[in-house]
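See structure below.
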Amino acid sequence: MVKEQVLSKTRFMAGLQCPLRLWLGLNEKNAPEFEVDEVSRARMESGNRVGEIARDYFPGGTLIEGERYEYEKKCALTQEALKNGHSIIYEAAFMHEGTFVAIDILERGSIGWIIREVKSTTSVKTVHVVDAAIQLMTARSAGLDVVRADLLHLNRECQYPDLANLFTSADVTAKAEEMMGYLRARESELKCVMVEDAPEVEVGAHCDSPRACAFKSRCWPEIPEHHISTLYRFGQAKTQALIEQGVHTIDQVDSSTKLDSIAARQVDSIVSGRVIVEAGLGPDLDSLILPAAFLDFETVSRAIPVWEGCSPYTQVPVQFSCHFMDRSGALQHHEWLAVAGCDPRPQLAEALVKACEGAETVVAYNAGFEKGCIIGLAQACPELEDQLMAIADKLADLLPMVRNNVYHPQFHGSFSIKSVLPALIPGMGYKNLDIASGDVAALKLENMILGQIDGNTDELRSALLKYCEMDTFAMVELYRKLQDLAG
Ligand code: SF4
């Protein structure tokens with residue numbers, strides 16, 4: 001069968017989200033939208049590693065190998081493995097009337113075969129059940145007696161170094177069987193899409209579900225500034241209803257529309273074209289007593305934990321920046337960045353306690369994250385527990401102070417520091433840094449600390465230090481600006 005005519009599971013899933021997305025995948029393989037950035041690639045590789053590690057929990061199986069489009073070869077090898085009596089097969093491949101699936105782990109049970117699909121998440125999502133349902137439907141149609149479909153996912157309860165329970169399993173057979181009628185209908189429709197001209201598809205909520213489609217910049221009309229979709233936490237359904245009434249931008253929202261106080265402030269700010277500052281800002285800032293330590297962590301979050309007591313995706317702080325502001329407003333900067341090879345938490349905790357010494361307040365932006373990191377450090381370093389928990393108790397959060405009191409038209413509905421900073425302090429931002437996003441920083445940190453970067457890392461360390469320093473300096477400048485605004 002011509003490879004372009006095969007409805008692989010990946011294509012099936014793309015087509016379920018949007019027939020046009022499926023068609024583009026077949027007909028515009030080299031479209032720039034299909035290029036993946038380094039963060040997405042690293043996530044995919046991490047998922048693949050989880051899949052490979054899962055095989056160790058079902059040992060003794062035979063692996064069906066073959067290049068990506070060698071569908072027939074892989075199916076033939078699977079049939080041979082079945083004939084030879086193998087009871088565990090990795091990447092077992094089946095094709096039925098042009099639909100192709102490869103099952104992560106196929107295991108012979110006492111009354112029939114069990115499909116196990118491996119997911120690198122810590123919970124089961126609907127999209128995973130759809131995935132398992134396609135496998136189940138196709139394997140059964142190809143003649144295999146499958147009695148159960150399981151999703152094997154990472155277990156939050158697992159703690160390094162005991163990885164015996166790294167995976168936990170959810171039986172999704174009944175849910176997958178319920179979906180089969182729908183999937184069979186869509187299967188025929190998608191096979192037609194694959195051989196016809198590009199389908200016409202309206203844009204809509206499906207463009208972001210189950211994941212944001214890479215073709216949005218192509219399909220969606222250019223969105224005007226202050227589009228109604230940027231109204232703060234207004235919700236997709238209510239936004240769509242307003243669009244249907246002809247309301248496209250925030251300045252068109254009339255007074256009969258029910259808004260919460262933050263969204264109402266946003267509307268006022270955009271209509272008046274000025275920054276709005278509430279009287280509550282001053283008292284909120286008064287709760288931030290000097291000396292203060294402006295603190296930010298960078299973390300590594302591994303699917304497969306590597307440090308004592310960590311579970312899948314535990315956020316482990318491996319770097320911090322701290323600007324310490326004394327009573328006069330003068331600053332002193334402290335920073336710490338892990339080196340490769342060892343658990344960074346004991347040394348980081350020690351450096352953190354020193355950096356925050358004497359602070360009345362510890363300031364963060366979205367402080368819940370910093371609090372979680374500090375609690376994790378206290379668990380990992382019990383000898384510093386009291387000092388660390390004292391730091392956690394002093395946390396003050398700048399984010400709600402901004403969100404509840406200030407709106408600038410250039411926030412565009414977001415209160416992330418990367419939106420707030422350039423709006424309130426023009427010229428300040430992350431644009432000129434070699435590392436300018438938390439995702440990239442986390443990836444580089446993981447590679448550096450876990451030894452996946454060879455050679456001299458001085459440049460990388462310097463870029464990481466600058467990025468993290470910018471995070472806390474930004475908070476300092478924001479605090480000063482908020483004081484000005486509060487008068
Ligand atoms: S942006 Fe929307 S309409 Fe366009 S291909 Fe993607 S999902 Fe389909």
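We name chains A, B, ... following the order of the structure tokens; residues begin at 1 in each chain, and ligands are numbered from 1 as shown.
When DSSP reads the backbone of this structure, the residues of segment 163-235 of chain A it assigns to alpha helix (DSSP H) are A:Thr173, A:Ala174, A:Lys175, A:Ala176, A:Glu177, A:Glu178, A:Met179, A:Met180, A:Gly181, A:Tyr182, A:Leu183, A:Arg184, A:Ala185, A:Arg186, A:Glu187, A:Ser188, A:Glu189, A:Leu190, A:Lys191, A:Cys192, A:Val193, A:Met194, A:Val195, A:Lys216, A:Ser217, A:Arg218, A:Cys219.
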So that I can check the surroundings of Glu350 of chain A, please list as a ChimeraX atom specification every protein, DNA and RNA residue that reaches within 9 Å of it, counting only C-alpha atoms and ignoring chain neighbours fewer than 5 positions away. /A:345,355,384
Throw together the list of residues within 8 Å of ligand 1, counting only C-alpha atoms and all ligand atoms, and drop it here as a VMD selection string. chain A and resid 17 to 22 24 201 to 204 206 to 208 212 to 220
Store the residues of this selection in a file with N, CA and C atoms, as a short mmCIF file (atom, residue, chain, number, x, y, z; two decimals), in the first residue's frame.
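Final file, part_13.cif:
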```cif
data_model
loop_
_atom_site.label_atom_id
_atom_site.label_comp_id
_atom_site.auth_asym_id
_atom_site.auth_seq_id
_atom_site.Cartn_x
_atom_site.Cartn_y
_atom_site.Cartn_z
N GLN A 17 -8.86 15.70 15.20
CA GLN A 17 -8.86 17.10 15.62
C GLN A 17 -9.38 17.99 14.49
N CYS A 18 -8.90 17.70 13.26
CA CYS A 18 -9.30 18.53 12.13
C CYS A 18 -8.91 17.85 10.82
N PRO A 19 -9.85 17.59 9.93
CA PRO A 19 -9.53 16.95 8.65
C PRO A 19 -8.49 17.74 7.84
N LEU A 20 -8.54 19.06 7.95
CA LEU A 20 -7.57 19.87 7.20
C LEU A 20 -6.16 19.65 7.75
N ARG A 21 -6.07 19.50 9.06
CA ARG A 21 -4.76 19.25 9.68
C ARG A 21 -4.18 17.94 9.15
N LEU A 22 -5.04 16.92 9.00
CA LEU A 22 -4.60 15.63 8.44
C LEU A 22 -4.13 15.83 7.01
N LEU A 24 -3.09 18.51 5.46
CA LEU A 24 -1.84 19.28 5.38
C LEU A 24 -0.64 18.40 5.72
N VAL A 201 -12.55 23.74 6.22
CA VAL A 201 -12.86 23.59 7.65
C VAL A 201 -12.91 24.97 8.28
N GLU A 202 -13.97 25.22 9.03
CA GLU A 202 -14.08 26.49 9.77
C GLU A 202 -13.13 26.45 10.95
N VAL A 203 -12.53 27.57 11.27
CA VAL A 203 -11.71 27.59 12.49
C VAL A 203 -12.66 27.58 13.70
N GLY A 204 -12.14 27.19 14.83
CA GLY A 204 -13.00 27.14 16.02
C GLY A 204 -12.22 26.59 17.20
N HIS A 206 -11.82 23.68 18.16
CA HIS A 206 -11.04 22.47 17.89
C HIS A 206 -9.59 22.80 17.53
N CYS A 207 -9.32 24.05 17.13
CA CYS A 207 -7.94 24.42 16.75
C CYS A 207 -7.00 24.40 17.95
N ASP A 208 -7.58 24.38 19.16
CA ASP A 208 -6.76 24.34 20.38
C ASP A 208 -6.98 23.08 21.19
N ALA A 212 -2.87 22.83 20.68
CA ALA A 212 -2.89 23.97 19.75
C ALA A 212 -2.35 23.55 18.39
N CYS A 213 -3.10 23.81 17.34
CA CYS A 213 -2.68 23.43 15.98
C CYS A 213 -1.62 24.41 15.49
N ALA A 214 -0.60 23.84 14.85
CA ALA A 214 0.51 24.67 14.36
C ALA A 214 0.08 25.58 13.21
N PHE A 215 -1.07 25.30 12.62
CA PHE A 215 -1.48 26.07 11.43
C PHE A 215 -2.38 27.26 11.76
N LYS A 216 -2.46 27.60 13.03
CA LYS A 216 -3.37 28.70 13.40
C LYS A 216 -3.01 30.01 12.71
N SER A 217 -1.69 30.25 12.58
CA SER A 217 -1.33 31.54 11.96
C SER A 217 -1.74 31.56 10.48
N ARG A 218 -1.93 30.37 9.90
CA ARG A 218 -2.35 30.30 8.49
C ARG A 218 -3.87 30.37 8.36
N CYS A 219 -4.57 29.63 9.22
CA CYS A 219 -6.02 29.51 9.05
C CYS A 219 -6.81 30.65 9.70
N TRP A 220 -6.29 31.14 10.82
CA TRP A 220 -7.08 32.14 11.54
C TRP A 220 -6.88 33.51 10.91
#
```
Residue with smallest distance to Ala176 of chain A - pool A:Lys466, A:Arg148, A:Lys191, A:Arg274, counting only C-alpha atoms: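 Using only C-alpha atoms, the shortest distance to Ala176 of chain A belongs to A:Arg148.
The space separating atom CA of Ser416 of chain A from atom CA of Val124 of chain A comes to 28.8 Å.
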In terms of the shortest atom-to-atom distance over only C-alpha atoms, which of A:Gln319, A:Gln236, A:Ser414, A:Thr249 is closest to Pro224 of chain A?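 The answer is A:Thr249, which sits nearest to Pro224 of chain A.
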Contacts of Ser110 of chain A at 12 Å or less, counting only C-alpha atoms, minus same-chain residues fewer than 4 places along, as a list in words?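 So, after excluding close chain neighbours, the residues are Ser87, Ile114, Asp145, Val146, Val147 and Arg148 of chain A.
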Could the residues in this selection be written to a file with N, CA and C atoms, as a PDB file, in the first residue's frame?
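Produced file selection_19.pdb, reproduced below:
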```pdb
ATOM      1  N   SER A  87       5.061 -14.103  23.789  1.00  0.00           N
ATOM      2  CA  SER A  87       3.917 -13.656  24.598  1.00  0.00           C
ATOM      3  C   SER A  87       3.996 -12.170  24.941  1.00  0.00           C
ATOM      4  N   ILE A 114      -3.534  -8.441  25.694  1.00  0.00           N
ATOM      5  CA  ILE A 114      -3.696  -7.163  26.401  1.00  0.00           C
ATOM      6  C   ILE A 114      -2.837  -6.113  25.699  1.00  0.00           C
ATOM      7  N   ASP A 145      -7.237 -11.345  19.028  1.00  0.00           N
ATOM      8  CA  ASP A 145      -8.220 -11.474  20.113  1.00  0.00           C
ATOM      9  C   ASP A 145      -7.757 -10.622  21.301  1.00  0.00           C
ATOM     10  N   VAL A 146      -8.159  -9.353  21.291  1.00  0.00           N
ATOM     11  CA  VAL A 146      -7.738  -8.447  22.371  1.00  0.00           C
ATOM     12  C   VAL A 146      -8.853  -8.369  23.410  1.00  0.00           C
ATOM     13  N   VAL A 147      -8.494  -8.645  24.670  1.00  0.00           N
ATOM     14  CA  VAL A 147      -9.524  -8.630  25.714  1.00  0.00           C
ATOM     15  C   VAL A 147      -9.446  -7.381  26.587  1.00  0.00           C
ATOM     16  N   ARG A 148      -8.307  -6.695  26.528  1.00  0.00           N
ATOM     17  CA  ARG A 148      -8.171  -5.525  27.426  1.00  0.00           C
ATOM     18  C   ARG A 148      -7.237  -4.494  26.823  1.00  0.00           C
TER      19      ARG A 148
END
```
What gap, in Å, lies between atom CA of Lys238 of chain A and atom CA of Arg265 of chain A?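 If I compute the distance from atom CA of Lys238 of chain A to atom CA of Arg265 of chain A, I get 18.0 Å.
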Taking into account only C-alpha atoms, which residue in the set A:Thr168, A:Thr99, A:Ser301, A:Ser419 is nearest to Ala442 of chain A? A:Ser301
Compare A:Ser120, A:Leu166, A:Tyr407, A:Glu107 by their minimum atom-to-atom distance to Leu144 of chain A, counting only C-alpha atoms, and give me the closest one. A:Glu107
Which polymer residues have any atom within 12 Å of an atom of Leu163 of chain A, counting only C-alpha atoms, with same-chain residues fewer than 3 positions away left out, as a VMD selection string? chain A and resid 53 to 54 56 to 57 154 to 160 166 to 168 303 to 312
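Distances to Ala279 of chain A were evaluated for A:Asn405, A:Ser437, A:Ser462, A:Asn84 using only C-alpha atoms, and the minimum falls at A:Asn405.
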Shell of 9 Å around Gly376 of chain A, only C-alpha atoms, local chain residues under 2 positions omitted, as an MDAnalysis selection string: chainID A and resid 314:317 371:374 378:381
Got a sec: who's within 9 Å of segment 186-188 of chain A, counting only C-alpha atoms, leaving out chain neighbours fewer than 3 positions off, as a list in words?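 Within the cut-off, the hits are Leu7, Phe12, Gly15, Leu16, Thr99, Gly181, Tyr182, Leu183, Lys191, Cys192 and Val193 of chain A.
Each of A:Pro161, A:Gly368, A:Gly85, A:Pro409 was compared to Leu395 of chain A using only C-alpha atoms, and A:Gly368 turns out to be the nearest.
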Shell of 10 Å around Leu443 of chain A, only C-alpha atoms, local chain residues under 4 positions omitted, as a ChimeraX atom specification: /A:38-39,42-43,299-301,438-439,447-448
Serialized selection, N, CA and C atoms, as an mmCIF file, in the first residue's frame:
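The result, written out as out_22.cif:
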```
data_model
loop_
_atom_site.group_PDB
_atom_site.id
_atom_site.type_symbol
_atom_site.label_atom_id
_atom_site.label_comp_id
_atom_site.auth_asym_id
_atom_site.auth_seq_id
_atom_site.Cartn_x
_atom_site.Cartn_y
_atom_site.Cartn_z
ATOM 1 N N GLU A 38 13.395 23.279 19.935
ATOM 2 C CA GLU A 38 14.199 22.359 20.752
ATOM 3 C C GLU A 38 13.455 21.908 22.012
ATOM 4 N N VAL A 39 12.584 22.751 22.533
ATOM 5 C CA VAL A 39 11.855 22.357 23.743
ATOM 6 C C VAL A 39 10.852 21.245 23.402
ATOM 7 N N ALA A 42 12.699 18.026 22.757
ATOM 8 C CA ALA A 42 13.154 17.405 24.011
ATOM 9 C C ALA A 42 11.989 16.699 24.706
ATOM 10 N N ARG A 43 10.793 17.315 24.633
ATOM 11 C CA ARG A 43 9.627 16.677 25.267
ATOM 12 C C ARG A 43 9.295 15.359 24.569
ATOM 13 N N THR A 299 13.992 25.527 37.742
ATOM 14 C CA THR A 299 13.861 24.129 38.181
ATOM 15 C C THR A 299 14.080 23.146 37.034
ATOM 16 N N VAL A 300 14.325 21.907 37.437
ATOM 17 C CA VAL A 300 14.365 20.787 36.494
ATOM 18 C C VAL A 300 13.241 19.846 36.923
ATOM 19 N N SER A 301 12.492 19.365 35.959
ATOM 20 C CA SER A 301 11.345 18.512 36.254
ATOM 21 C C SER A 301 11.429 17.295 35.328
ATOM 22 N N GLY A 438 11.498 30.556 30.284
ATOM 23 C CA GLY A 438 11.654 29.555 31.341
ATOM 24 C C GLY A 438 11.774 28.146 30.779
ATOM 25 N N ASP A 439 11.055 27.840 29.696
ATOM 26 C CA ASP A 439 11.102 26.495 29.107
ATOM 27 C C ASP A 439 12.492 26.174 28.588
ATOM 28 N N ASN A 447 19.977 19.527 30.671
ATOM 29 C CA ASN A 447 21.072 18.989 29.866
ATOM 30 C C ASN A 447 22.416 19.205 30.550
ATOM 31 N N MET A 448 22.586 20.384 31.116
ATOM 32 C CA MET A 448 23.875 20.712 31.721
ATOM 33 C C MET A 448 24.110 19.904 33.008
#
```
Which of segment 12-161 of chain A counts as strand (DSSP E) under DSSP, as a PyMOL selection string please? chain A and resi 62-63+88-96+99-108+113-119+146-154
Next, the residues of the selection above should be written as a PDB file, in the first residue's frame with C-alpha atoms.
```
ATOM      1  CA  THR A  62      10.534  -9.102  21.181  1.00  0.00           C
ATOM      2  CA  LEU A  63      10.818  -5.710  19.490  1.00  0.00           C
ATOM      3  CA  ILE A  88       5.228 -10.079  24.844  1.00  0.00           C
ATOM      4  CA  ILE A  89       5.775  -7.939  21.742  1.00  0.00           C
ATOM      5  CA  TYR A  90       6.981  -4.325  21.744  1.00  0.00           C
ATOM      6  CA  GLU A  91       5.709  -2.087  18.916  1.00  0.00           C
ATOM      7  CA  ALA A  92       3.436  -4.859  17.645  1.00  0.00           C
ATOM      8  CA  ALA A  93       2.089  -3.633  14.276  1.00  0.00           C
ATOM      9  CA  PHE A  94      -1.326  -4.243  12.708  1.00  0.00           C
ATOM     10  CA  MET A  95      -3.037  -2.958   9.591  1.00  0.00           C
ATOM     11  CA  HIS A  96      -6.693  -3.222   8.670  1.00  0.00           C
ATOM     12  CA  THR A  99      -5.457   1.823   9.090  1.00  0.00           C
ATOM     13  CA  PHE A 100      -2.142   1.135  10.800  1.00  0.00           C
ATOM     14  CA  VAL A 101      -1.286   0.935  14.487  1.00  0.00           C
ATOM     15  CA  ALA A 102       1.839   0.002  16.462  1.00  0.00           C
ATOM     16  CA  ILE A 103       1.126  -1.077  20.032  1.00  0.00           C
ATOM     17  CA  ASP A 104       3.679  -0.085  22.659  1.00  0.00           C
ATOM     18  CA  ILE A 105       3.444  -3.355  24.577  1.00  0.00           C
ATOM     19  CA  LEU A 106       1.304  -6.296  23.549  1.00  0.00           C
ATOM     20  CA  GLU A 107       1.045  -9.058  26.127  1.00  0.00           C
ATOM     21  CA  ARG A 108      -0.595 -12.457  25.960  1.00  0.00           C
ATOM     22  CA  TRP A 113      -4.223 -10.332  24.372  1.00  0.00           C
ATOM     23  CA  ILE A 114      -3.696  -7.163  26.401  1.00  0.00           C
ATOM     24  CA  ILE A 115      -2.784  -3.871  24.766  1.00  0.00           C
ATOM     25  CA  ARG A 116      -0.655  -1.512  26.861  1.00  0.00           C
ATOM     26  CA  GLU A 117      -0.160   2.030  25.633  1.00  0.00           C
ATOM     27  CA  VAL A 118       2.537   3.956  27.485  1.00  0.00           C
ATOM     28  CA  LYS A 119       1.979   7.614  28.362  1.00  0.00           C
ATOM     29  CA  VAL A 146      -7.738  -8.447  22.371  1.00  0.00           C
ATOM     30  CA  VAL A 147      -9.524  -8.630  25.714  1.00  0.00           C
ATOM     31  CA  ARG A 148      -8.171  -5.525  27.426  1.00  0.00           C
ATOM     32  CA  ALA A 149      -6.657  -2.122  26.693  1.00  0.00           C
ATOM     33  CA  ASP A 150      -4.574  -0.525  29.440  1.00  0.00           C
ATOM     34  CA  LEU A 151      -2.941   2.867  29.661  1.00  0.00           C
ATOM     35  CA  LEU A 152       0.356   2.663  31.452  1.00  0.00           C
ATOM     36  CA  HIS A 153       1.300   6.042  32.872  1.00  0.00           C
ATOM     37  CA  LEU A 154       3.793   7.479  35.326  1.00  0.00           C
TER      38      LEU A 154
END
```
